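start.txt (compact mmCIF, C-alpha atoms) appears below.
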# COMPACT_ATOMS: atom_id res chain seq x y z
CA MET G 1414 24.81 -5.29 -14.12
CA GLY G 1415 25.44 -3.30 -10.93
CA LEU G 1416 23.89 -3.85 -7.53
CA GLU G 1417 21.31 -1.10 -7.99
CA ASP G 1418 20.31 -2.48 -11.40
CA THR G 1419 19.93 -5.97 -9.94
CA ILE G 1420 17.70 -4.75 -7.11
CA ALA G 1421 15.61 -2.60 -9.46
CA GLU G 1422 15.02 -5.49 -11.86
CA ALA G 1423 14.05 -7.75 -8.98
CA ILE G 1424 11.51 -5.18 -7.79
CA ILE G 1425 10.04 -4.77 -11.28
CA MET G 1426 9.79 -8.50 -11.96
CA GLY G 1427 8.57 -9.59 -8.56
CA MET G 1428 6.30 -6.84 -7.26
CA ASP G 1429 3.34 -9.15 -6.67
CA GLU G 1430 5.39 -11.84 -4.96
CA LEU G 1431 7.36 -9.37 -2.86
CA ALA G 1432 4.27 -7.56 -1.64
CA GLY G 1433 2.15 -10.51 -0.57
CA ASN G 1434 -1.60 -10.59 0.04
CA PRO G 1435 -3.35 -7.55 1.58
CA ARG G 1436 -6.16 -9.66 3.03
CA ARG G 1437 -3.83 -11.56 5.35
CA ALA G 1438 -2.17 -8.35 6.52
CA VAL G 1439 -5.54 -6.71 7.16
CA GLU G 1440 -6.81 -9.72 9.12
CA SER G 1441 -3.68 -9.80 11.27
CA ALA G 1442 -3.69 -6.05 11.86
CA MET G 1443 -7.33 -5.99 12.97
CA ASP G 1444 -6.29 -8.06 16.00
CA CYS G 1445 -4.24 -5.07 17.20
CA ASP G 1446 -5.66 -2.14 19.14
CA SER G 1447 -3.79 0.55 17.24
CA ALA G 1448 -1.47 1.24 14.34
CA SER G 1449 1.41 1.80 16.76
CA GLN G 1450 0.89 -1.65 18.30
CA TRP G 1451 0.85 -3.19 14.82
CA VAL G 1452 4.07 -1.41 13.83
CA LYS G 1453 5.80 -2.52 17.03
CA GLN G 1454 4.71 -6.12 16.51
CA GLU G 1455 5.90 -6.25 12.91
CA THR G 1456 9.21 -4.45 13.49
CA THR G 1457 10.02 -6.92 16.27
CA LYS G 1458 9.49 -9.81 13.86
CA LEU G 1459 11.69 -8.18 11.26
CA ALA G 1460 14.44 -7.48 13.80
CA LEU G 1461 14.56 -11.18 14.65
CA ILE G 1462 14.82 -12.11 10.97
CA GLY G 1463 17.51 -9.49 10.44
CA GLY G 1464 19.53 -10.82 13.34
CA ALA G 1465 19.28 -14.45 12.23
CA GLU G 1466 20.39 -13.42 8.75
CA MET G 1467 23.84 -12.50 10.09
CA VAL G 1468 24.35 -15.04 12.87
CA VAL G 1469 26.78 -17.22 10.89
CA PRO G 1470 29.72 -15.08 9.70
CA GLY G 1471 30.30 -15.27 5.96
CA LEU G 1472 26.85 -16.67 5.09
CA HIS G 1473 25.33 -13.19 4.86
CA ALA G 1474 26.25 -12.89 1.18
CA PHE G 1475 23.85 -15.74 0.46
CA THR G 1476 21.06 -14.69 2.82
CA ILE G 1477 20.97 -10.98 1.94
CA PRO G 1478 18.90 -11.45 -1.27
CA THR G 1479 16.32 -13.41 0.70
CA GLY G 1480 16.42 -10.80 3.44
CA ILE G 1481 15.73 -8.01 0.95
CA SER G 1482 12.76 -9.93 -0.47
CA TYR G 1483 11.38 -10.49 3.00
CA LEU G 1484 11.93 -6.83 3.83
CA LEU G 1485 9.87 -5.74 0.83
CA HIS G 1486 7.16 -8.23 1.75
CA LYS G 1487 6.98 -6.80 5.27
CA MET G 1488 6.93 -3.24 3.93
CA GLY G 1489 3.73 -4.12 2.12
CA SER G 1490 2.24 -5.95 5.07
CA ILE G 1491 2.92 -3.21 7.60
CA SER G 1492 1.54 -0.55 5.26
CA TRP G 1493 -1.73 -2.36 4.60
CA GLY G 1494 -2.17 -3.06 8.30
CA ILE G 1495 -1.74 0.62 9.12
CA GLY G 1496 -4.31 1.50 6.48
CA ALA G 1497 -6.88 -0.94 7.83
CA LEU G 1498 -6.40 0.25 11.41
CA LYS G 1499 -6.89 3.85 10.28
CA GLY G 1500 -10.16 2.95 8.60
CA ALA G 1501 -8.94 2.93 5.00
CA TYR G 1502 -10.13 0.51 2.35
CA VAL G 1503 -6.87 -1.12 1.27
CA ILE G 1504 -6.54 -0.80 -2.50
CA GLU G 1505 -4.49 -3.41 -4.35
CA THR G 1506 -5.64 -4.19 -7.88
CA GLU G 1507 -3.91 -4.68 -11.20
CA ALA G 1508 -4.38 -0.99 -11.93
CA TYR G 1509 -4.40 0.80 -8.56
CA SER G 1510 -2.15 0.24 -5.57
CA ASP G 1511 -1.81 1.78 -2.13
CA LEU G 1512 1.54 0.05 -1.73
CA ARG G 1513 2.93 1.56 -4.91
CA ASN G 1514 1.91 5.02 -3.70
CA ILE G 1515 3.47 4.46 -0.27
CA LEU G 1516 6.68 3.19 -1.84
CA ALA G 1517 6.78 6.36 -3.94
CA LEU G 1518 6.53 8.44 -0.75
CA TRP G 1519 9.16 6.31 0.98
CA ALA G 1520 11.50 6.77 -1.99
CA ASN G 1521 10.85 10.51 -1.59
CA GLU G 1522 12.42 10.35 1.89
CA GLY G 1523 8.97 9.99 3.41
CA HIS G 1524 7.78 13.46 2.41
CA PHE G 1525 4.14 13.57 1.33
CA ASP G 1526 3.61 14.98 -2.14
CA ALA G 1527 0.28 14.37 -3.89
CA GLY G 1528 1.99 15.03 -7.19
CA ILE G 1529 4.05 11.82 -7.05
CA ILE G 1530 1.23 9.41 -6.21
CA GLU G 1531 -1.47 8.13 -8.54
CA HIS G 1532 -4.37 8.54 -6.14
CA LEU G 1533 -5.22 9.28 -2.54
CA ALA G 1534 -6.02 6.59 -0.01
CA VAL G 1535 -9.75 5.94 0.35
CA SER G 1536 -11.59 5.48 3.64
CA LEU G 1537 -13.95 2.55 3.99
CA ASP G 1538 -16.72 4.98 4.89
CA ALA G 1539 -16.15 6.81 1.60
CA LEU G 1540 -16.48 3.55 -0.31
CA ALA G 1541 -19.61 2.59 1.64
CA TRP G 1542 -21.14 5.97 0.78
CA THR G 1543 -20.27 5.49 -2.89
CA LEU G 1544 -22.13 2.17 -2.85
CA SER G 1545 -25.27 3.89 -1.55
CA GLU G 1546 -28.10 5.53 -3.48
CA ALA G 1547 -27.04 8.99 -2.30
CA GLY G 1548 -23.45 8.35 -3.27
CA GLN G 1549 -24.30 7.16 -6.75
CA ALA G 1550 -26.51 10.19 -7.28
CA ALA G 1551 -23.59 12.45 -6.37
CA VAL G 1552 -20.82 10.68 -8.30
CA PRO G 1553 -21.37 12.51 -11.64
CA ALA G 1554 -20.79 15.85 -9.91
CA LEU G 1555 -17.63 14.51 -8.26
CA LEU G 1556 -16.24 13.39 -11.60
CA GLU G 1557 -16.68 16.93 -12.94
CA SER G 1558 -15.07 18.52 -9.89
CA PRO G 1559 -12.48 21.28 -10.46
CA ALA G 1560 -10.23 19.79 -7.74
CA ASP G 1561 -6.58 18.90 -8.33
CA ALA G 1562 -5.73 16.05 -10.69
CA THR G 1563 -4.85 13.52 -7.98
CA THR G 1564 -8.11 14.10 -6.10
CA VAL G 1565 -10.26 13.90 -9.24
CA ARG G 1566 -8.45 10.74 -10.28
CA THR G 1567 -9.30 9.32 -6.85
CA TYR G 1568 -13.00 10.11 -7.41
CA HIS G 1569 -12.88 8.13 -10.64
CA ILE G 1570 -11.07 5.24 -8.99
CA LEU G 1571 -13.56 5.23 -6.11
CA GLN G 1572 -16.38 4.70 -8.59
CA ARG G 1573 -14.37 1.99 -10.35
CA LEU G 1574 -13.83 0.22 -7.02
CA ALA G 1575 -17.56 0.31 -6.30
CA GLU G 1576 -18.33 -1.10 -9.74
CA SER G 1577 -15.71 -3.83 -9.31
CA LEU G 1578 -17.10 -4.92 -5.95
CA VAL G 1579 -20.58 -5.23 -7.40
CA ALA G 1580 -19.16 -7.16 -10.35
CA GLY G 1581 -17.58 -9.74 -8.04
CA ASP G 1582 -14.11 -8.51 -7.05
CA GLU G 1583 -13.09 -11.31 -4.67
CA ARG G 1584 -9.94 -9.62 -3.38
CA GLY G 1585 -11.81 -6.42 -2.58
CA HIS G 1586 -14.62 -8.34 -0.91
CA ALA G 1587 -12.09 -10.25 1.22
CA VAL G 1588 -10.59 -6.98 2.49
CA LEU G 1589 -14.08 -5.62 3.16
CA THR G 1590 -14.97 -8.76 5.13
CA ALA G 1591 -11.73 -8.65 7.13
CA MET G 1592 -12.46 -5.08 8.20
CA ARG G 1593 -16.22 -5.14 8.76
CA GLY G 1594 -17.15 -8.80 9.18
CA GLU G 1595 -19.19 -11.02 6.89
CA ALA G 1596 -22.61 -9.62 7.77
CA GLU G 1597 -21.68 -5.96 7.24
CA ALA G 1598 -19.72 -6.77 4.08
CA ALA G 1599 -22.74 -8.62 2.69
CA ARG G 1600 -25.01 -5.70 3.55
CA LEU G 1601 -22.74 -3.19 1.80
CA LEU G 1602 -22.47 -5.42 -1.24
CA ALA G 1603 -26.25 -5.83 -1.41
CA THR G 1604 -26.63 -2.04 -1.24
CA GLY G 1605 -24.13 -1.64 -4.03
CA LYS G 1606 -25.84 -4.18 -6.25
CA GLU G 1607 -29.06 -2.25 -5.86
CA HIS G 1608 -27.68 1.21 -6.56
CA VAL G 1609 -24.29 1.19 -8.31
CA ARG G 1610 -24.43 2.17 -11.96
CA HIS G 1611 -21.74 1.64 -14.55
CA LEU G 1612 -20.13 4.93 -15.53
CA ASN G 1613 -17.44 5.46 -18.13
CA CYS G 1614 -14.73 6.65 -15.77
CA GLU G 1615 -11.53 7.67 -17.51
CA VAL G 1616 -8.60 7.09 -15.16
CA MET G 1617 -5.33 8.43 -16.51
CA LEU G 1618 -2.50 6.56 -14.81
CA THR G 1619 1.08 7.75 -14.47
CA ARG G 1620 2.57 4.49 -15.74
CA PRO G 1621 1.80 1.99 -18.52
CA MET G 1622 -1.07 -0.40 -17.84
CA GLY G 1623 0.08 -3.92 -17.06
CA ARG G 1624 3.18 -2.76 -15.18
CA LYS G 1625 2.90 -2.99 -11.41
CA ILE G 1626 5.66 -0.47 -10.83
CA SER G 1627 7.44 2.03 -13.04
CA ARG G 1628 11.13 1.62 -13.80
CA ARG G 1629 11.80 5.09 -12.44
CA LEU G 1630 10.25 4.26 -9.07
CA ALA G 1631 11.98 0.88 -9.00
CA TYR G 1632 15.36 2.59 -9.34
CA LYS G 1633 14.53 5.10 -6.61
CA LEU G 1634 13.64 2.23 -4.30
CA ALA G 1635 16.74 0.30 -5.34
CA SER G 1636 18.87 3.31 -4.47
CA ARG G 1637 17.48 3.49 -0.93
CA ILE G 1638 17.66 -0.26 -0.38
CA GLY G 1639 21.04 -0.61 -2.07
CA ALA G 1640 22.56 2.02 0.20
CA ARG G 1641 22.17 -0.44 3.07
CA ILE G 1642 24.00 -3.29 1.35
CA PRO G 1643 27.66 -2.21 1.83
CA ALA G 1644 27.21 -1.85 5.57
CA ARG G 1645 25.49 -5.23 5.71
CA MET G 1646 28.37 -6.83 3.82
CA ILE G 1647 30.89 -5.45 6.31
CA VAL G 1648 29.07 -6.26 9.54
CA GLY G 1649 28.15 -9.68 8.20
CA PHE G 1650 31.60 -10.98 9.09
CA LEU G 1651 31.08 -10.09 12.76
CA PRO G 1652 29.06 -12.87 14.45
CA VAL G 1653 27.34 -10.91 17.23
CA ALA G 1654 27.76 -7.28 16.24
CA GLY G 1655 26.70 -8.13 12.69
CA ALA G 1656 23.42 -9.67 13.83
CA VAL G 1657 22.62 -6.71 16.08
CA ALA G 1658 23.52 -4.12 13.44
CA ASN G 1659 21.51 -5.86 10.73
CA ALA G 1660 18.47 -6.13 12.98
CA LEU G 1661 18.75 -2.40 13.70
CA MET G 1662 18.96 -1.60 9.98
CA ASN G 1663 15.83 -3.59 9.27
CA VAL G 1664 13.92 -1.91 12.09
CA GLN G 1665 14.96 1.54 10.90
CA THR G 1666 13.81 0.72 7.37
CA MET G 1667 10.49 -0.61 8.61
CA GLN G 1668 9.88 2.40 10.83
CA SER G 1669 10.56 4.81 7.98
CA MET G 1670 8.17 2.85 5.76
CA ALA G 1671 5.54 2.93 8.51
CA GLU G 1672 5.91 6.71 8.74
CA ALA G 1673 5.34 7.03 4.99
CA ALA G 1674 2.28 4.77 5.24
CA GLU G 1675 0.83 6.80 8.10
CA LYS G 1676 1.24 10.04 6.14
CA TYR G 1677 -0.46 8.45 3.15
CA TYR G 1678 -3.41 7.00 5.05
CA ASP G 1679 -3.84 10.07 7.28
CA ARG G 1680 -4.68 11.97 4.08
CA ARG G 1681 -7.27 9.43 2.96
CA LEU G 1682 -10.37 10.54 1.11
CA ARG G 1683 -13.17 10.58 3.67
CA ARG G 1684 -16.95 10.50 3.47
CA GLU G 1685 -17.11 13.97 5.02
CA HIS G 1686 -15.00 15.35 2.18
CA LEU G 1687 -17.26 13.81 -0.45
CA LEU G 1688 -20.34 15.25 1.23
CA SER G 1689 -18.79 18.72 1.40
CA VAL G 1690 -18.03 18.64 -2.32
CA THR G 1691 -21.51 17.51 -3.35
CA THR G 1692 -23.63 19.70 -1.06
For this file, produce the structure as structure tokens.
Amino acid sequence: MGLEDTIAEAIIMGMDELAGNPRRAVESAMDCDSASQWVKQETTKLALIGGAEMVVPGLHAFTIPTGISYLLHKMGSISWGIGALKGAYVIETEAYSDLRNILALWANEGHFDAGIIEHLAVSLDALAWTLSEAGQAAVPALLESPADATTVRTYHILQRLAESLVAGDERGHAVLTAMRGEAEAARLLATGKEHVRHLNCEVMLTRPMGRKISRRLAYKLASRIGARIPARMIVGFLPVAGAVANALMNVQTMQSMAEAAEKYYDRRLRREHLLSVTT
């Protein structure tokens, strides 16, 4: 099995573990004043890890696998933090994933293409509106909208998210609480319990259910990550230069991931859009 195959299999098998918990990332990010401050804070941490990984010449061959795992973990964390700071409701469920969409954009050299993601990002205001009486009254029209496939799929997922929250989605409620506080989260949930109806939303996904990431995407990611390995192997034998170079590589990777996340969340589905479609 080659290097790219090894990385791809690791991504497929360990997506949950590599990504971490969105609630913790959201809570940490909300202490920052802006997305740029959050990105700077997290890239600094990763640079320190990247430098330490290469401090002892020759040991890099053993620490690189751990470094890659940590890198993927931080890619998830920085993305979710950016989303929260931009007012998005961070979506990470068994079926739907902001991180998976952002990774798809990152594997696409950071270029935004709605055709390669499963759904758009969703603003917290859009979710709050969907939980309301007015939102629920308008949802049937949204589901019949003639918009593009990705947007319509997002409408369906938005309704599913509302239904899940009302049904007791603890992860979703934790993200909601981290962003709005306990009192506001409780108020939104109470509103949803009063108004949200169960609708038979058909959400056609672009990958098999039960798989967190497609094999095709895993190999695209492995190709980008694997391209960094040869350089890391070479500089790893240089005690000082190796540490500096590896830290720089990690920062560059994180910054490119942050750019992909910003493009994704900047195009989030907003309450204003939903109102314009239904009025």
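Take the candidates G:Tyr1568, G:Tyr1678, G:Val1609, G:Arg1628 and check each one against Ala1554 (chain G) using all atoms listed in the file; the shortest distance goes to G:Tyr1568.
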Next item on the list: With all atoms listed in the file counted, which protein, DNA or RNA residues have an atom no more than 12 Å from (-21.9, -0.3, -3.5) in the file frame? Please answer as an NGL selection string.
Entry: :G and (1537-1549 or 1571-1582 or 1585-1586 or 1589 or 1598-1611)
Would you tabulate, counting only C-alpha atoms, all residues of region 1524-1622 of chain G that have an atom at most 7 Å from an atom of region 1492-1514 of chain G, showing the closest pair of atoms and their distance in Å to one decimal, sorted by chain then ascending number, as a tab-separated table?
residue	atom	partner	partner_atom	distance
G:Ile1530	CA	G:Asn1514	CA	5.1
G:Glu1531	CA	G:Asn1514	CA	6.7
G:Ala1534	CA	G:Asp1511	CA	6.7
G:Val1535	CA	G:Ala1501	CA	5.6
G:Ser1536	CA	G:Ala1501	CA	3.9
G:Leu1537	CA	G:Tyr1502	CA	4.6
G:Met1592	CA	G:Ala1497	CA	7.0
G:Met1622	CA	G:Ala1508	CA	6.8
Item checked: Nearest to Ala1631 (chain G), chosen from G:Asp1679, G:Trp1519, G:His1486, G:Arg1593, with all atoms listed in the file counted in the distances -> G:Trp1519
Next item on the list: Kindly give the distance, in Å, that separates CA of Arg1437 (chain G) and CA of Glu1583 (chain G), rounded to a single decimal.
Entry: 13.6 Å
Note to self: List as a list in words the protein and nucleic acid residues near Gly1523 (chain G), meaning an atom at most 10 Å away when all atoms listed in the file are counted, but skip any in the same chain fewer than 2 places from it.
What the structure shows: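 That gives Ile1515, Leu1516, Ala1517, Leu1518, Trp1519, Ala1520, Asn1521, Phe1525, Asp1526, Ser1669, Met1670, Ala1671, Glu1672, Ala1673, Ala1674, Glu1675, Lys1676 and Tyr1677 of chain G.
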Could those residues be written to a file, using C-alpha atoms, as an mmCIF file, in the frame of the given file?
data_model
loop_
_atom_site.group_PDB
_atom_site.id
_atom_site.type_symbol
_atom_site.label_atom_id
_atom_site.label_comp_id
_atom_site.auth_asym_id
_atom_site.auth_seq_id
_atom_site.Cartn_x
_atom_site.Cartn_y
_atom_site.Cartn_z
ATOM 1 C CA ILE G 1515 3.470 4.460 -0.270
ATOM 2 C CA LEU G 1516 6.680 3.190 -1.840
ATOM 3 C CA ALA G 1517 6.780 6.360 -3.940
ATOM 4 C CA LEU G 1518 6.530 8.440 -0.750
ATOM 5 C CA TRP G 1519 9.160 6.310 0.980
ATOM 6 C CA ALA G 1520 11.500 6.770 -1.990
ATOM 7 C CA ASN G 1521 10.850 10.510 -1.590
ATOM 8 C CA PHE G 1525 4.140 13.570 1.330
ATOM 9 C CA ASP G 1526 3.610 14.980 -2.140
ATOM 10 C CA SER G 1669 10.560 4.810 7.980
ATOM 11 C CA MET G 1670 8.170 2.850 5.760
ATOM 12 C CA ALA G 1671 5.540 2.930 8.510
ATOM 13 C CA GLU G 1672 5.910 6.710 8.740
ATOM 14 C CA ALA G 1673 5.340 7.030 4.990
ATOM 15 C CA ALA G 1674 2.280 4.770 5.240
ATOM 16 C CA GLU G 1675 0.830 6.800 8.100
ATOM 17 C CA LYS G 1676 1.240 10.040 6.140
ATOM 18 C CA TYR G 1677 -0.460 8.450 3.150
#
Next item on the list: Using CA of Tyr1483 (chain G) and CA of Asp1444 (chain G) as the two end points, give the distance in Å to one decimal.
Entry: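 CA of Asp1444 (chain G) lies at a distance of 22.1 Å from CA of Tyr1483 (chain G).
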Checklist line | Thr1691 (chain G) environment, 8 Å, all atoms listed in the file, sequence neighbours closer than 4 positions dropped, as a PyMOL selection string | finding: chain G and resi 1551+1554-1555+1687
Repaired coordinates for region 1500-1520 of chain G (N, CA, C and O atoms) as a compact mmCIF listing (two decimals), keeping the file's coordinate frame:
# COMPACT_ATOMS: atom_id res chain seq x y z
N GLY G 1500 -8.85 2.89 9.21
CA GLY G 1500 -10.16 2.95 8.60
C GLY G 1500 -10.15 3.12 7.09
O GLY G 1500 -11.17 3.51 6.50
N ALA G 1501 -9.02 2.82 6.46
CA ALA G 1501 -8.94 2.93 5.00
C ALA G 1501 -9.32 1.60 4.35
O ALA G 1501 -9.12 0.53 4.92
N TYR G 1502 -9.88 1.70 3.16
CA TYR G 1502 -10.13 0.51 2.35
C TYR G 1502 -8.85 0.25 1.56
O TYR G 1502 -8.47 1.05 0.71
N VAL G 1503 -8.17 -0.84 1.88
CA VAL G 1503 -6.87 -1.12 1.27
C VAL G 1503 -7.05 -1.45 -0.21
O VAL G 1503 -7.77 -2.38 -0.57
N ILE G 1504 -6.40 -0.66 -1.05
CA ILE G 1504 -6.54 -0.80 -2.50
C ILE G 1504 -5.33 -1.50 -3.09
O ILE G 1504 -4.21 -0.99 -3.02
N GLU G 1505 -5.54 -2.68 -3.63
CA GLU G 1505 -4.49 -3.41 -4.35
C GLU G 1505 -5.14 -4.15 -5.51
O GLU G 1505 -5.71 -5.22 -5.34
N THR G 1506 -5.10 -3.56 -6.68
CA THR G 1506 -5.64 -4.19 -7.88
C THR G 1506 -4.55 -4.16 -8.95
O THR G 1506 -3.46 -3.64 -8.73
N GLU G 1507 -4.87 -4.71 -10.10
CA GLU G 1507 -3.91 -4.68 -11.20
C GLU G 1507 -3.59 -3.25 -11.62
O GLU G 1507 -2.50 -2.95 -12.09
N ALA G 1508 -4.56 -2.36 -11.46
CA ALA G 1508 -4.38 -0.99 -11.93
C ALA G 1508 -4.01 -0.01 -10.83
O ALA G 1508 -3.22 0.91 -11.04
N TYR G 1509 -4.57 -0.18 -9.63
CA TYR G 1509 -4.40 0.80 -8.56
C TYR G 1509 -3.77 0.13 -7.34
O TYR G 1509 -4.10 -1.00 -7.00
N SER G 1510 -2.89 0.86 -6.66
CA SER G 1510 -2.15 0.24 -5.57
C SER G 1510 -1.76 1.23 -4.49
O SER G 1510 -1.02 2.19 -4.74
N ASP G 1511 -2.26 1.00 -3.28
CA ASP G 1511 -1.81 1.78 -2.13
C ASP G 1511 -0.31 1.58 -1.90
O ASP G 1511 0.42 2.54 -1.62
N LEU G 1512 0.13 0.34 -2.00
CA LEU G 1512 1.54 0.05 -1.73
C LEU G 1512 2.45 0.80 -2.68
O LEU G 1512 3.47 1.35 -2.27
N ARG G 1513 2.10 0.84 -3.94
CA ARG G 1513 2.93 1.56 -4.91
C ARG G 1513 3.01 3.05 -4.54
O ARG G 1513 4.07 3.66 -4.64
N ASN G 1514 1.90 3.61 -4.11
CA ASN G 1514 1.91 5.02 -3.70
C ASN G 1514 2.78 5.24 -2.46
O ASN G 1514 3.53 6.22 -2.37
N ILE G 1515 2.68 4.33 -1.50
CA ILE G 1515 3.47 4.46 -0.27
C ILE G 1515 4.96 4.29 -0.56
O ILE G 1515 5.80 5.00 -0.01
N LEU G 1516 5.28 3.36 -1.44
CA LEU G 1516 6.68 3.19 -1.84
C LEU G 1516 7.22 4.45 -2.52
O LEU G 1516 8.38 4.82 -2.33
N ALA G 1517 6.36 5.11 -3.29
CA ALA G 1517 6.78 6.36 -3.94
C ALA G 1517 7.09 7.42 -2.89
O ALA G 1517 8.07 8.18 -3.01
N LEU G 1518 6.28 7.49 -1.83
CA LEU G 1518 6.53 8.44 -0.75
C LEU G 1518 7.79 8.06 0.01
O LEU G 1518 8.59 8.93 0.39
N TRP G 1519 7.97 6.77 0.25
CA TRP G 1519 9.16 6.31 0.98
C TRP G 1519 10.43 6.63 0.18
O TRP G 1519 11.43 7.06 0.75
N ALA G 1520 10.36 6.44 -1.13
CA ALA G 1520 11.50 6.77 -1.99
C ALA G 1520 11.76 8.27 -2.01
O ALA G 1520 12.87 8.72 -2.31
